[in-house]
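Undergrad: Here it is, the structure, as structure tokens.
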Amino acid sequence: MKDKRLYSPKYVREILDRFGFKFSKQLGQNFLIDGNIVRNIVAKAGIGKEDYVLEIGPGIGTLTEELALNCKKVVAVEIDKNLLPILDETLRDYDNVEIIHGDILKVDVKKLIEEKLGGGPIKVVANLPYYVTTPIIAMLIEEDLNIESITVMIQKEVADRIVAKPGTKQYGALTVFVNFYCDVEILLSVPKTVFMPSPKVDSAVVKLSLKKALDPVDKRIFFKVVKAAFNQRRKTILNSLASVQLDVDKSTIKGILEESNIPLSARAENLKIEDFIKISERLASLNIY
């Protein structure tokens with residue numbers, strides 16, 4: 001649809017009415033209807049003519065169309081079968097777009113990258129439903145996929161948690177998890193008024209650039225420590241780690257914290273990623289896991 005862009009509210013309504021489409025609250029469907037936001041997302045994601053892009057949840061193809069105009073190929077995974085005939089029409093002029101019907105959390109993304117996206121590295125761009133934001137981000141960064149960056153529209157509150165600094169209320173296990181794997185930045189703040197229908201909260205676009213090399217720490221122990229620390233974040237780090245979750249006695253934890261130069265009275269939100277790494281390395285050296 002090169003003569004009509006898919007972010008026109010009038011045109012979007014016309015398409016939805018013609019196909020008798022009804023928004024699904026269960027799937028968290030909110031379609032972008034602002035051209036400036038759409039163009040900004042693609043530009044700030046750094047999409048170029050040689051890039052292969054994976055999009056999650058294309059909706060009626062608003063962001064997909066802008067991606068297609070700027071990249072080599074985009075594969076979009078859509079869970080709602082009712083959107084497939086709409087996408088067939090709205091994106092029929094673009095031969096570098098492929099739509100796959102499926103749940104991204106159940107799709108073999110590694111195989112998809114190898115067979116349909118040039119083997120990678122690829123860039124992921126998506127307007128994510130709020131209710132599956134964390135599982136999707138976790139899957140993309142944990143599963144050793146050939147991904148260069150992930151640029152996603154998410155709930156502003158979640159974006160603030162991802163970029164939070166130690167010592168703040170927003171800083172938590174999600175912050176540590178994402179920042180362990182990625183360099184992060186908020187690209188755009190997005191008001192709820194630019195969606196159809198309007199959600200109840202504002203959004204933000206965050207870019208996660210996957211680190212080429214991770215800290216050489218036992219990830220199983222590292223995230224076990226992080227989870228234990230933040231599960232009881234009101235307690236001191238000494239008391240939260242000296243719990244049944246780690247199965248380590250308090251005197252051992254006290255010694256580890258002192259060796260790591262971490263105050264016994266500190267709380268989880270006061271610790272940097274480097275502090276959690278120190279604790280994890282010392283626990284690993286005890287050979288108790």
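Numbering starts fresh at 1 for the residues of each chain in the structure tokens, the chains themselves are lettered A, B, ... in the order given, and ligands are numbered from 1 as they appear.
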Taking 5 positions as the minimum chain separation for residues in the same chain, which residues sit within 8 Å of Ile47 in chain A when counting only C-alpha atoms? Answer as number ranges by chain.
TA: A: 42, 67, 70-71, 123
Undergrad: Based on the selection just made, write all heavy atoms of those residues as a JSON list (two decimals), in the first residue's frame.
TA:
[["chain", "number", "residue", "atom", "x", "y", "z"],
["A", 42, "VAL", "N", 12.21, 3.03, 13.53],
["A", 42, "VAL", "CA", 13.06, 2.38, 12.52],
["A", 42, "VAL", "C", 14.40, 3.09, 12.39],
["A", 42, "VAL", "O", 15.46, 2.45, 12.30],
["A", 42, "VAL", "CB", 12.32, 2.32, 11.16],
["A", 42, "VAL", "CG1", 13.23, 1.77, 10.08],
["A", 42, "VAL", "CG2", 11.06, 1.46, 11.29],
["A", 67, "LEU", "N", 9.65, -0.82, 8.05],
["A", 67, "LEU", "CA", 10.82, -1.68, 8.03],
["A", 67, "LEU", "C", 11.13, -2.15, 6.61],
["A", 67, "LEU", "O", 12.28, -2.13, 6.17],
["A", 67, "LEU", "CB", 10.61, -2.89, 8.94],
["A", 67, "LEU", "CG", 10.60, -2.61, 10.45],
["A", 67, "LEU", "CD1", 10.05, -3.82, 11.21],
["A", 67, "LEU", "CD2", 11.99, -2.26, 10.94],
["A", 70, "ASN", "N", 13.01, 0.10, 4.44],
["A", 70, "ASN", "CA", 14.37, 0.45, 4.86],
["A", 70, "ASN", "C", 15.33, -0.71, 5.02],
["A", 70, "ASN", "O", 16.53, -0.48, 5.22],
["A", 70, "ASN", "CB", 14.30, 1.22, 6.18],
["A", 70, "ASN", "CG", 13.73, 2.60, 6.03],
["A", 70, "ASN", "OD1", 14.44, 3.55, 5.68],
["A", 70, "ASN", "ND2", 12.43, 2.75, 6.27],
["A", 71, "CYS", "N", 14.84, -1.97, 4.97],
["A", 71, "CYS", "CA", 15.73, -3.10, 5.21],
["A", 71, "CYS", "C", 15.74, -4.06, 4.02],
["A", 71, "CYS", "O", 14.99, -3.89, 3.06],
["A", 71, "CYS", "CB", 15.35, -3.83, 6.48],
["A", 71, "CYS", "SG", 13.86, -4.85, 6.34],
["A", 123, "LYS", "N", 18.39, -7.95, 13.41],
["A", 123, "LYS", "CA", 17.87, -6.96, 14.35],
["A", 123, "LYS", "C", 16.40, -7.28, 14.60],
["A", 123, "LYS", "O", 15.68, -7.63, 13.67],
["A", 123, "LYS", "CB", 18.04, -5.55, 13.79],
["A", 123, "LYS", "CG", 19.51, -5.14, 13.65],
["A", 123, "LYS", "CD", 19.69, -3.78, 13.01],
["A", 123, "LYS", "CE", 21.18, -3.43, 12.92],
["A", 123, "LYS", "NZ", 21.41, -2.12, 12.24]]
Undergrad: Using only C-alpha atoms, which residues sit within 8 Å of Ser198 in chain A once same-chain residues fewer than 5 positions away are excluded, as a list in words?
TA: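 Near Ser198 in chain A, the qualifying residues are Asn30, Lys192 and Thr193 of chain A.
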Undergrad: Pick out the residues sitting within 9 Å of Asn82 in chain A, and hand them over as a count of residues only; count only C-alpha atoms, and ignore anything fewer than 2 positions along from it in its own chain.
TA: 8
Undergrad: Would you mind listing what lies within 12 Å of Glu89 in chain A as a compact mmCIF listing (two decimals) with N, CA and C atoms, in the first residue's frame, with only C-alpha atoms counted and same-chain residues fewer than 3 positions away left out?
TA:
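Output saved as out-v5.txt:
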# COMPACT_ATOMS: atom_id res chain seq x y z
N MET A 1 0.85 -1.19 0.00
CA MET A 1 0.00 0.00 0.00
C MET A 1 0.89 1.24 0.00
N LYS A 2 1.65 1.42 -1.05
CA LYS A 2 2.61 2.50 -1.08
C LYS A 2 1.97 3.87 -1.22
N LEU A 6 0.08 3.15 6.54
CA LEU A 6 -0.78 2.42 7.47
C LEU A 6 -0.90 3.07 8.84
N ILE A 15 -9.71 -0.07 7.14
CA ILE A 15 -9.27 -1.45 6.95
C ILE A 15 -9.92 -2.39 7.97
N LEU A 16 -9.89 -1.98 9.23
CA LEU A 16 -10.43 -2.83 10.29
C LEU A 16 -11.93 -3.06 10.11
N ARG A 18 -13.58 -2.92 7.26
CA ARG A 18 -13.81 -3.72 6.06
C ARG A 18 -13.61 -5.20 6.32
N PHE A 19 -12.66 -5.52 7.19
CA PHE A 19 -12.40 -6.93 7.51
C PHE A 19 -13.16 -7.40 8.75
N ILE A 60 -1.49 -4.77 11.87
CA ILE A 60 -1.94 -4.65 10.48
C ILE A 60 -0.78 -4.30 9.55
N GLY A 61 0.43 -4.21 10.10
CA GLY A 61 1.61 -3.99 9.27
C GLY A 61 2.16 -2.58 9.28
N GLU A 65 5.65 -2.14 7.40
CA GLU A 65 5.78 -1.38 6.16
C GLU A 65 7.00 -0.47 6.20
N LEU A 83 -5.61 -11.54 11.75
CA LEU A 83 -4.86 -10.46 11.11
C LEU A 83 -4.18 -10.89 9.82
N LEU A 84 -4.12 -12.19 9.57
CA LEU A 84 -3.40 -12.69 8.39
C LEU A 84 -3.98 -12.17 7.07
N PRO A 85 -5.31 -12.23 6.86
CA PRO A 85 -5.84 -11.68 5.60
C PRO A 85 -5.63 -10.17 5.47
N ILE A 86 -5.63 -9.47 6.60
CA ILE A 86 -5.37 -8.02 6.56
C ILE A 86 -3.92 -7.77 6.13
N ARG A 92 0.96 -6.39 0.48
CA ARG A 92 1.10 -7.13 -0.79
C ARG A 92 2.08 -6.49 -1.77
N ASP A 93 2.37 -5.21 -1.60
CA ASP A 93 3.29 -4.53 -2.52
C ASP A 93 4.75 -4.73 -2.14
N TYR A 94 5.01 -5.41 -1.05
CA TYR A 94 6.40 -5.54 -0.56
C TYR A 94 6.87 -6.99 -0.69
N ILE A 99 5.28 -13.14 6.29
CA ILE A 99 4.48 -13.24 7.51
C ILE A 99 4.40 -14.70 7.93
Undergrad: Which residues are close to Lys278 in chain A, i.e. within 10 Å by only C-alpha atoms, leaving aside same-chain residues fewer than 2 positions away? Reply as a PyMOL selection string.
TA: chain A and resi 217+222+256-257+259-262+273-276+280-284
Undergrad: Neighbours of range 31-37 of chain A within 7 Å (only C-alpha atoms; same-chain residues fewer than 6 positions away dropped), as a VMD selection string?
TA: chain A and resid 7 to 9 59 62 194 to 196
Undergrad: Mind writing the picked residues with N, CA and C atoms as a tab-separated table (two decimals), in the first residue's frame?
TA:
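And here's part.tsv as it stands now:
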chain	number	residue	atom	x	y	z
A	7	TYR	N	-0.29	4.24	9.03
A	7	TYR	CA	-0.44	4.92	10.31
A	7	TYR	C	-1.51	6.01	10.28
A	8	SER	N	-2.22	6.14	9.18
A	8	SER	CA	-3.34	7.07	9.13
A	8	SER	C	-4.52	6.50	9.91
A	9	PRO	N	-4.97	7.17	10.98
A	9	PRO	CA	-6.09	6.64	11.78
A	9	PRO	C	-7.33	6.35	10.94
A	59	GLY	N	0.64	-6.68	13.82
A	59	GLY	CA	-0.67	-6.03	13.78
A	59	GLY	C	-1.22	-5.99	12.37
A	62	THR	N	1.76	-1.76	10.24
A	62	THR	CA	2.20	-0.37	10.27
A	62	THR	C	3.71	-0.23	10.37
A	194	VAL	N	-1.15	7.74	20.91
A	194	VAL	CA	-0.77	7.41	19.53
A	194	VAL	C	-1.09	5.95	19.18
A	195	PHE	N	-1.95	5.34	19.98
A	195	PHE	CA	-2.35	3.96	19.73
A	195	PHE	C	-3.85	3.87	19.47
A	196	MET	N	-4.24	2.82	18.76
A	196	MET	CA	-5.65	2.48	18.57
A	196	MET	C	-5.83	1.03	18.95
Undergrad: What lies within 10 Å of Ile150 in chain A using only C-alpha atoms, ignoring chain neighbours under 6 positions off, as a PyMOL selection string?
TA: chain A and resi 45+53-55+122-126+137+140-141+182+184+206-210
Undergrad: Output C-alpha atoms for every residue in that selection, as a PDB file, in the first residue's frame.
TA:
ATOM      1  CA  ALA A  45      16.937   1.103  15.627  1.00  0.00           C
ATOM      2  CA  VAL A  53      14.796  -7.890  10.643  1.00  0.00           C
ATOM      3  CA  LEU A  54      12.555 -10.027  12.824  1.00  0.00           C
ATOM      4  CA  GLU A  55       9.340  -8.302  13.869  1.00  0.00           C
ATOM      5  CA  ILE A 122      19.654  -9.883  12.717  1.00  0.00           C
ATOM      6  CA  LYS A 123      17.874  -6.956  14.348  1.00  0.00           C
ATOM      7  CA  VAL A 124      14.614  -7.404  16.214  1.00  0.00           C
ATOM      8  CA  VAL A 125      12.016  -4.622  16.144  1.00  0.00           C
ATOM      9  CA  ALA A 126       8.611  -4.939  17.802  1.00  0.00           C
ATOM     10  CA  ILE A 137      12.845 -10.342  25.953  1.00  0.00           C
ATOM     11  CA  LEU A 140      15.560 -13.420  22.782  1.00  0.00           C
ATOM     12  CA  ILE A 141      18.594 -12.688  24.928  1.00  0.00           C
ATOM     13  CA  CYS A 182      22.900  -6.083  26.922  1.00  0.00           C
ATOM     14  CA  VAL A 184      20.539  -0.601  27.125  1.00  0.00           C
ATOM     15  CA  VAL A 206      14.083   0.726  24.412  1.00  0.00           C
ATOM     16  CA  LYS A 207      17.086  -0.591  22.499  1.00  0.00           C
ATOM     17  CA  LEU A 208      19.000  -3.596  23.814  1.00  0.00           C
ATOM     18  CA  SER A 209      22.357  -4.117  22.099  1.00  0.00           C
ATOM     19  CA  LEU A 210      23.593  -7.602  22.895  1.00  0.00           C
TER      20      LEU A 210
END
Undergrad: Among range 42-216 of chain A, which residues carry a DSSP assignment of strand (DSSP E or B), reported as a PyMOL selection string?
TA: chain A and resi 52-56+73-78+97-101+122-127+147-155+182-190+195-196+203-210
Undergrad: Using DSSP on the backbone coordinates, identify all residues within range 20-257 of chain A classified as alpha helix (DSSP H); present the result as an mmCIF file with N, CA and C atoms, in the first residue's frame.
TA:
data_model
loop_
_atom_site.group_PDB
_atom_site.id
_atom_site.type_symbol
_atom_site.label_atom_id
_atom_site.label_comp_id
_atom_site.auth_asym_id
_atom_site.auth_seq_id
_atom_site.Cartn_x
_atom_site.Cartn_y
_atom_site.Cartn_z
ATOM 1 N N GLY A 35 2.790 8.457 12.411
ATOM 2 C CA GLY A 35 3.872 8.284 11.447
ATOM 3 C C GLY A 35 5.230 8.688 11.978
ATOM 4 N N ASN A 36 5.287 9.763 12.757
ATOM 5 C CA ASN A 36 6.569 10.205 13.303
ATOM 6 C C ASN A 36 7.169 9.162 14.231
ATOM 7 N N ILE A 37 6.333 8.557 15.058
ATOM 8 C CA ILE A 37 6.819 7.513 15.971
ATOM 9 C C ILE A 37 7.322 6.315 15.180
ATOM 10 N N VAL A 38 6.562 5.896 14.188
ATOM 11 C CA VAL A 38 6.941 4.741 13.366
ATOM 12 C C VAL A 38 8.294 4.981 12.691
ATOM 13 N N ARG A 39 8.450 6.137 12.072
ATOM 14 C CA ARG A 39 9.713 6.445 11.388
ATOM 15 C C ARG A 39 10.872 6.550 12.377
ATOM 16 N N ASN A 40 10.598 7.130 13.547
ATOM 17 C CA ASN A 40 11.633 7.275 14.567
ATOM 18 C C ASN A 40 12.123 5.935 15.088
ATOM 19 N N ILE A 41 11.201 4.999 15.276
ATOM 20 C CA ILE A 41 11.582 3.668 15.765
ATOM 21 C C ILE A 41 12.563 3.014 14.797
ATOM 22 N N VAL A 42 12.213 3.028 13.531
ATOM 23 C CA VAL A 42 13.062 2.382 12.521
ATOM 24 C C VAL A 42 14.401 3.089 12.387
ATOM 25 N N ALA A 43 14.383 4.419 12.421
ATOM 26 C CA ALA A 43 15.623 5.180 12.296
ATOM 27 C C ALA A 43 16.540 4.951 13.500
ATOM 28 N N LYS A 44 15.988 5.035 14.699
ATOM 29 C CA LYS A 44 16.800 4.897 15.904
ATOM 30 C C LYS A 44 17.224 3.450 16.155
ATOM 31 N N THR A 62 1.761 -1.764 10.237
ATOM 32 C CA THR A 62 2.197 -0.365 10.269
ATOM 33 C C THR A 62 3.709 -0.232 10.368
ATOM 34 N N LEU A 63 4.294 -0.884 11.359
ATOM 35 C CA LEU A 63 5.746 -0.843 11.531
ATOM 36 C C LEU A 63 6.435 -1.712 10.485
ATOM 37 N N THR A 64 5.796 -2.800 10.116
ATOM 38 C CA THR A 64 6.342 -3.714 9.103
ATOM 39 C C THR A 64 6.602 -2.976 7.799
ATOM 40 N N GLU A 65 5.654 -2.138 7.404
ATOM 41 C CA GLU A 65 5.779 -1.379 6.160
ATOM 42 C C GLU A 65 7.001 -0.466 6.196
ATOM 43 N N GLU A 66 7.202 0.245 7.285
ATOM 44 C CA GLU A 66 8.357 1.135 7.404
ATOM 45 C C GLU A 66 9.659 0.349 7.403
ATOM 46 N N LEU A 67 9.645 -0.818 8.049
ATOM 47 C CA LEU A 67 10.818 -1.680 8.030
ATOM 48 C C LEU A 67 11.128 -2.148 6.607
ATOM 49 N N ALA A 68 10.083 -2.559 5.892
ATOM 50 C CA ALA A 68 10.251 -3.054 4.525
ATOM 51 C C ALA A 68 10.853 -1.993 3.606
ATOM 52 N N LEU A 69 10.513 -0.751 3.850
ATOM 53 C CA LEU A 69 11.035 0.354 3.039
ATOM 54 C C LEU A 69 12.511 0.631 3.323
ATOM 55 N N ASN A 70 13.008 0.097 4.438
ATOM 56 C CA ASN A 70 14.365 0.451 4.856
ATOM 57 C C ASN A 70 15.332 -0.713 5.024
ATOM 58 N N LEU A 84 -4.119 -12.190 9.570
ATOM 59 C CA LEU A 84 -3.403 -12.689 8.392
ATOM 60 C C LEU A 84 -3.982 -12.170 7.074
ATOM 61 N N PRO A 85 -5.309 -12.227 6.858
ATOM 62 C CA PRO A 85 -5.836 -11.684 5.603
ATOM 63 C C PRO A 85 -5.627 -10.174 5.466
ATOM 64 N N ILE A 86 -5.632 -9.467 6.597
ATOM 65 C CA ILE A 86 -5.366 -8.023 6.557
ATOM 66 C C ILE A 86 -3.921 -7.773 6.128
ATOM 67 N N LEU A 87 -2.999 -8.517 6.691
ATOM 68 C CA LEU A 87 -1.582 -8.365 6.342
ATOM 69 C C LEU A 87 -1.318 -8.743 4.886
ATOM 70 N N ASP A 88 -2.044 -9.743 4.394
ATOM 71 C CA ASP A 88 -1.916 -10.113 2.985
ATOM 72 C C ASP A 88 -2.234 -8.932 2.075
ATOM 73 N N GLU A 89 -3.217 -8.140 2.484
ATOM 74 C CA GLU A 89 -3.597 -6.980 1.673
ATOM 75 C C GLU A 89 -2.675 -5.785 1.901
ATOM 76 N N THR A 90 -2.440 -5.439 3.165
ATOM 77 C CA THR A 90 -1.701 -4.204 3.443
ATOM 78 C C THR A 90 -0.234 -4.275 3.022
ATOM 79 N N VAL A 109 13.139 -19.930 16.833
ATOM 80 C CA VAL A 109 13.711 -18.683 16.307
ATOM 81 C C VAL A 109 15.086 -18.916 15.689
ATOM 82 N N LYS A 110 15.871 -19.806 16.271
ATOM 83 C CA LYS A 110 17.195 -20.102 15.702
ATOM 84 C C LYS A 110 17.064 -20.638 14.277
ATOM 85 N N LYS A 111 16.124 -21.556 14.082
ATOM 86 C CA LYS A 111 15.886 -22.115 12.749
ATOM 87 C C LYS A 111 15.350 -21.049 11.797
ATOM 88 N N LEU A 112 14.470 -20.194 12.306
ATOM 89 C CA LEU A 112 13.906 -19.121 11.488
ATOM 90 C C LEU A 112 15.015 -18.189 10.998
ATOM 91 N N ILE A 113 15.943 -17.846 11.881
ATOM 92 C CA ILE A 113 17.052 -16.964 11.496
ATOM 93 C C ILE A 113 17.911 -17.626 10.432
ATOM 94 N N GLU A 114 18.182 -18.907 10.616
ATOM 95 C CA GLU A 114 19.035 -19.628 9.671
ATOM 96 C C GLU A 114 18.382 -19.778 8.305
ATOM 97 N N GLU A 115 17.081 -20.067 8.281
ATOM 98 C CA GLU A 115 16.415 -20.384 7.021
ATOM 99 C C GLU A 115 15.812 -19.187 6.302
ATOM 100 N N LYS A 116 15.430 -18.152 7.061
ATOM 101 C CA LYS A 116 14.685 -17.058 6.433
ATOM 102 C C LYS A 116 15.328 -15.677 6.586
ATOM 103 N N THR A 133 5.884 -9.058 27.606
ATOM 104 C CA THR A 133 7.136 -8.331 27.384
ATOM 105 C C THR A 133 8.338 -9.071 27.955
ATOM 106 N N THR A 134 8.290 -9.389 29.247
ATOM 107 C CA THR A 134 9.451 -9.996 29.896
ATOM 108 C C THR A 134 9.780 -11.381 29.354
ATOM 109 N N PRO A 135 8.797 -12.289 29.173
ATOM 110 C CA PRO A 135 9.139 -13.606 28.604
ATOM 111 C C PRO A 135 9.766 -13.514 27.215
ATOM 112 N N ILE A 136 9.286 -12.591 26.382
ATOM 113 C CA ILE A 136 9.836 -12.478 25.032
ATOM 114 C C ILE A 136 11.263 -11.934 25.070
ATOM 115 N N ILE A 137 11.493 -10.892 25.846
ATOM 116 C CA ILE A 137 12.845 -10.342 25.953
ATOM 117 C C ILE A 137 13.796 -11.398 26.514
ATOM 118 N N ALA A 138 13.349 -12.126 27.540
ATOM 119 C CA ALA A 138 14.188 -13.170 28.134
ATOM 120 C C ALA A 138 14.555 -14.238 27.116
ATOM 121 N N MET A 139 13.571 -14.666 26.335
ATOM 122 C CA MET A 139 13.827 -15.682 25.317
ATOM 123 C C MET A 139 14.847 -15.186 24.287
ATOM 124 N N LEU A 140 14.695 -13.955 23.835
ATOM 125 C CA LEU A 140 15.560 -13.420 22.782
ATOM 126 C C LEU A 140 17.015 -13.278 23.234
ATOM 127 N N ILE A 141 17.214 -12.928 24.511
ATOM 128 C CA ILE A 141 18.594 -12.688 24.928
ATOM 129 C C ILE A 141 19.248 -13.895 25.594
ATOM 130 N N GLU A 142 18.465 -14.880 25.994
ATOM 131 C CA GLU A 142 19.031 -16.044 26.700
ATOM 132 C C GLU A 142 19.373 -17.215 25.781
ATOM 133 N N LYS A 156 6.144 1.909 29.703
ATOM 134 C CA LYS A 156 7.176 2.832 30.185
ATOM 135 C C LYS A 156 7.726 2.402 31.545
ATOM 136 N N GLU A 157 6.863 1.902 32.389
ATOM 137 C CA GLU A 157 7.298 1.452 33.713
ATOM 138 C C GLU A 157 8.341 0.347 33.608
ATOM 139 N N VAL A 158 8.155 -0.568 32.657
ATOM 140 C CA VAL A 158 9.110 -1.662 32.465
ATOM 141 C C VAL A 158 10.415 -1.127 31.883
ATOM 142 N N ALA A 159 10.304 -0.188 30.943
ATOM 143 C CA ALA A 159 11.503 0.430 30.368
ATOM 144 C C ALA A 159 12.324 1.123 31.450
ATOM 145 N N ASP A 160 11.641 1.823 32.345
ATOM 146 C CA ASP A 160 12.335 2.511 33.442
ATOM 147 C C ASP A 160 13.043 1.518 34.353
ATOM 148 N N ARG A 161 12.441 0.356 34.551
ATOM 149 C CA ARG A 161 13.080 -0.677 35.371
ATOM 150 C C ARG A 161 14.322 -1.234 34.682
ATOM 151 N N ILE A 162 14.248 -1.397 33.374
ATOM 152 C CA ILE A 162 15.371 -1.963 32.623
ATOM 153 C C ILE A 162 16.595 -1.047 32.672
ATOM 154 N N ALA A 173 15.715 -7.263 39.846
ATOM 155 C CA ALA A 173 16.231 -8.455 39.165
ATOM 156 C C ALA A 173 16.166 -8.302 37.641
ATOM 157 N N LEU A 174 15.083 -7.685 37.131
ATOM 158 C CA LEU A 174 14.965 -7.481 35.681
ATOM 159 C C LEU A 174 16.089 -6.583 35.178
ATOM 160 N N THR A 175 16.408 -5.536 35.918
ATOM 161 C CA THR A 175 17.494 -4.638 35.550
ATOM 162 C C THR A 175 18.804 -5.401 35.401
ATOM 163 N N VAL A 176 19.113 -6.182 36.424
ATOM 164 C CA VAL A 176 20.373 -6.927 36.430
ATOM 165 C C VAL A 176 20.400 -7.950 35.298
ATOM 166 N N PHE A 177 19.290 -8.640 35.124
ATOM 167 C CA PHE A 177 19.201 -9.672 34.076
ATOM 168 C C PHE A 177 19.472 -9.079 32.692
ATOM 169 N N VAL A 178 18.751 -8.022 32.337
ATOM 170 C CA VAL A 178 18.890 -7.454 30.995
ATOM 171 C C VAL A 178 20.265 -6.811 30.803
ATOM 172 N N ASN A 179 20.736 -6.095 31.821
ATOM 173 C CA ASN A 179 22.026 -5.411 31.690
ATOM 174 C C ASN A 179 23.214 -6.361 31.728
ATOM 175 N N PHE A 180 23.015 -7.562 32.254
ATOM 176 C CA PHE A 180 24.070 -8.568 32.189
ATOM 177 C C PHE A 180 24.347 -8.952 30.735
ATOM 178 N N TYR A 181 23.273 -9.053 29.954
ATOM 179 C CA TYR A 181 23.389 -9.490 28.568
ATOM 180 C C TYR A 181 23.535 -8.345 27.562
ATOM 181 N N LYS A 219 26.463 -18.597 35.039
ATOM 182 C CA LYS A 219 25.179 -17.884 34.963
ATOM 183 C C LYS A 219 24.128 -18.516 35.867
ATOM 184 N N ARG A 220 24.189 -19.814 36.037
ATOM 185 C CA ARG A 220 23.203 -20.489 36.890
ATOM 186 C C ARG A 220 23.318 -19.986 38.324
ATOM 187 N N ILE A 221 24.549 -19.904 38.831
ATOM 188 C CA ILE A 221 24.765 -19.408 40.183
ATOM 189 C C ILE A 221 24.472 -17.910 40.263
ATOM 190 N N PHE A 222 24.920 -17.167 39.256
ATOM 191 C CA PHE A 222 24.734 -15.714 39.236
ATOM 192 C C PHE A 222 23.263 -15.334 39.370
ATOM 193 N N PHE A 223 22.413 -15.939 38.547
ATOM 194 C CA PHE A 223 21.001 -15.568 38.583
ATOM 195 C C PHE A 223 20.285 -16.155 39.808
ATOM 196 N N LYS A 224 20.831 -17.223 40.360
ATOM 197 C CA LYS A 224 20.288 -17.743 41.609
ATOM 198 C C LYS A 224 20.530 -16.728 42.734
ATOM 199 N N VAL A 225 21.717 -16.127 42.726
ATOM 200 C CA VAL A 225 22.061 -15.102 43.722
ATOM 201 C C VAL A 225 21.176 -13.870 43.541
ATOM 202 N N VAL A 226 21.028 -13.434 42.301
ATOM 203 C CA VAL A 226 20.210 -12.243 42.014
ATOM 204 C C VAL A 226 18.762 -12.464 42.457
ATOM 205 N N LYS A 227 18.230 -13.627 42.134
ATOM 206 C CA LYS A 227 16.849 -13.933 42.508
ATOM 207 C C LYS A 227 16.680 -13.949 44.029
ATOM 208 N N ALA A 228 17.619 -14.575 44.721
ATOM 209 C CA ALA A 228 17.544 -14.640 46.177
ATOM 210 C C ALA A 228 17.633 -13.240 46.788
ATOM 211 N N ALA A 229 18.489 -12.412 46.229
ATOM 212 C CA ALA A 229 18.687 -11.065 46.757
ATOM 213 C C ALA A 229 17.436 -10.217 46.629
ATOM 214 N N PHE A 230 16.804 -10.263 45.467
ATOM 215 C CA PHE A 230 15.665 -9.381 45.216
ATOM 216 C C PHE A 230 14.335 -9.976 45.678
ATOM 217 N N ASN A 231 14.305 -11.271 45.948
ATOM 218 C CA ASN A 231 13.076 -11.868 46.475
ATOM 219 C C ASN A 231 12.740 -11.313 47.858
ATOM 220 N N ILE A 237 21.421 -7.485 52.449
ATOM 221 C CA ILE A 237 21.919 -8.497 51.519
ATOM 222 C C ILE A 237 22.416 -9.731 52.284
ATOM 223 N N LEU A 238 22.934 -9.518 53.493
ATOM 224 C CA LEU A 238 23.373 -10.653 54.315
ATOM 225 C C LEU A 238 22.204 -11.568 54.635
ATOM 226 N N ASN A 239 21.096 -11.000 55.075
ATOM 227 C CA ASN A 239 19.944 -11.813 55.464
ATOM 228 C C ASN A 239 19.196 -12.389 54.270
ATOM 229 N N SER A 240 19.141 -11.658 53.180
ATOM 230 C CA SER A 240 18.412 -12.169 52.012
ATOM 231 C C SER A 240 19.164 -13.312 51.340
ATOM 232 N N LEU A 241 20.503 -13.262 51.370
ATOM 233 C CA LEU A 241 21.283 -14.346 50.767
ATOM 234 C C LEU A 241 21.430 -15.545 51.705
ATOM 235 N N LYS A 250 24.807 -18.562 57.168
ATOM 236 C CA LYS A 250 24.982 -17.109 57.289
ATOM 237 C C LYS A 250 26.442 -16.712 57.464
ATOM 238 N N SER A 251 27.198 -17.486 58.189
ATOM 239 C CA SER A 251 28.612 -17.149 58.415
ATOM 240 C C SER A 251 29.405 -17.193 57.104
ATOM 241 N N THR A 252 29.049 -18.148 56.231
ATOM 242 C CA THR A 252 29.721 -18.240 54.919
ATOM 243 C C THR A 252 29.377 -17.032 54.066
ATOM 244 N N ILE A 253 28.093 -16.650 54.050
ATOM 245 C CA ILE A 253 27.671 -15.474 53.295
ATOM 246 C C ILE A 253 28.370 -14.221 53.835
ATOM 247 N N LYS A 254 28.471 -14.119 55.152
ATOM 248 C CA LYS A 254 29.128 -12.970 55.772
ATOM 249 C C LYS A 254 30.582 -12.877 55.301
ATOM 250 N N GLY A 255 31.265 -14.005 55.280
ATOM 251 C CA GLY A 255 32.651 -14.016 54.822
ATOM 252 C C GLY A 255 32.773 -13.609 53.361
ATOM 253 N N ILE A 256 31.854 -14.106 52.515
ATOM 254 C CA ILE A 256 31.874 -13.774 51.084
ATOM 255 C C ILE A 256 31.662 -12.279 50.875
ATOM 256 N N LEU A 257 30.710 -11.697 51.608
ATOM 257 C CA LEU A 257 30.430 -10.264 51.473
ATOM 258 C C LEU A 257 31.627 -9.436 51.935
#
Undergrad: With only C-alpha atoms as the basis for distance, which of A:Val75, A:Ile277, A:Leu128, A:Leu286 is at the shortest distance from Pro216 in chain A?
TA: A:Ile277
Undergrad: Compare A:Val97, A:Val132, A:Leu117, A:Ala242 by their minimum atom-to-atom distance to Ile147 in chain A, counting only C-alpha atoms, and give me the closest one.
TA: A:Leu117
Undergrad: Using only C-alpha atoms, can you tell me which of A:Leu214, A:Ala266, A:Ile279, A:Ile186 comes closest to Ile154 in chain A?
TA: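 When distances to Ile154 in chain A are compared using only C-alpha atoms, the smallest one comes from A:Ile186.
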Undergrad: So the first atom is CA of Val163 in chain A and the second is CA of Ser243 in chain A; what is the distance between them in Å, to one decimal place?
TA: 28.1 Å
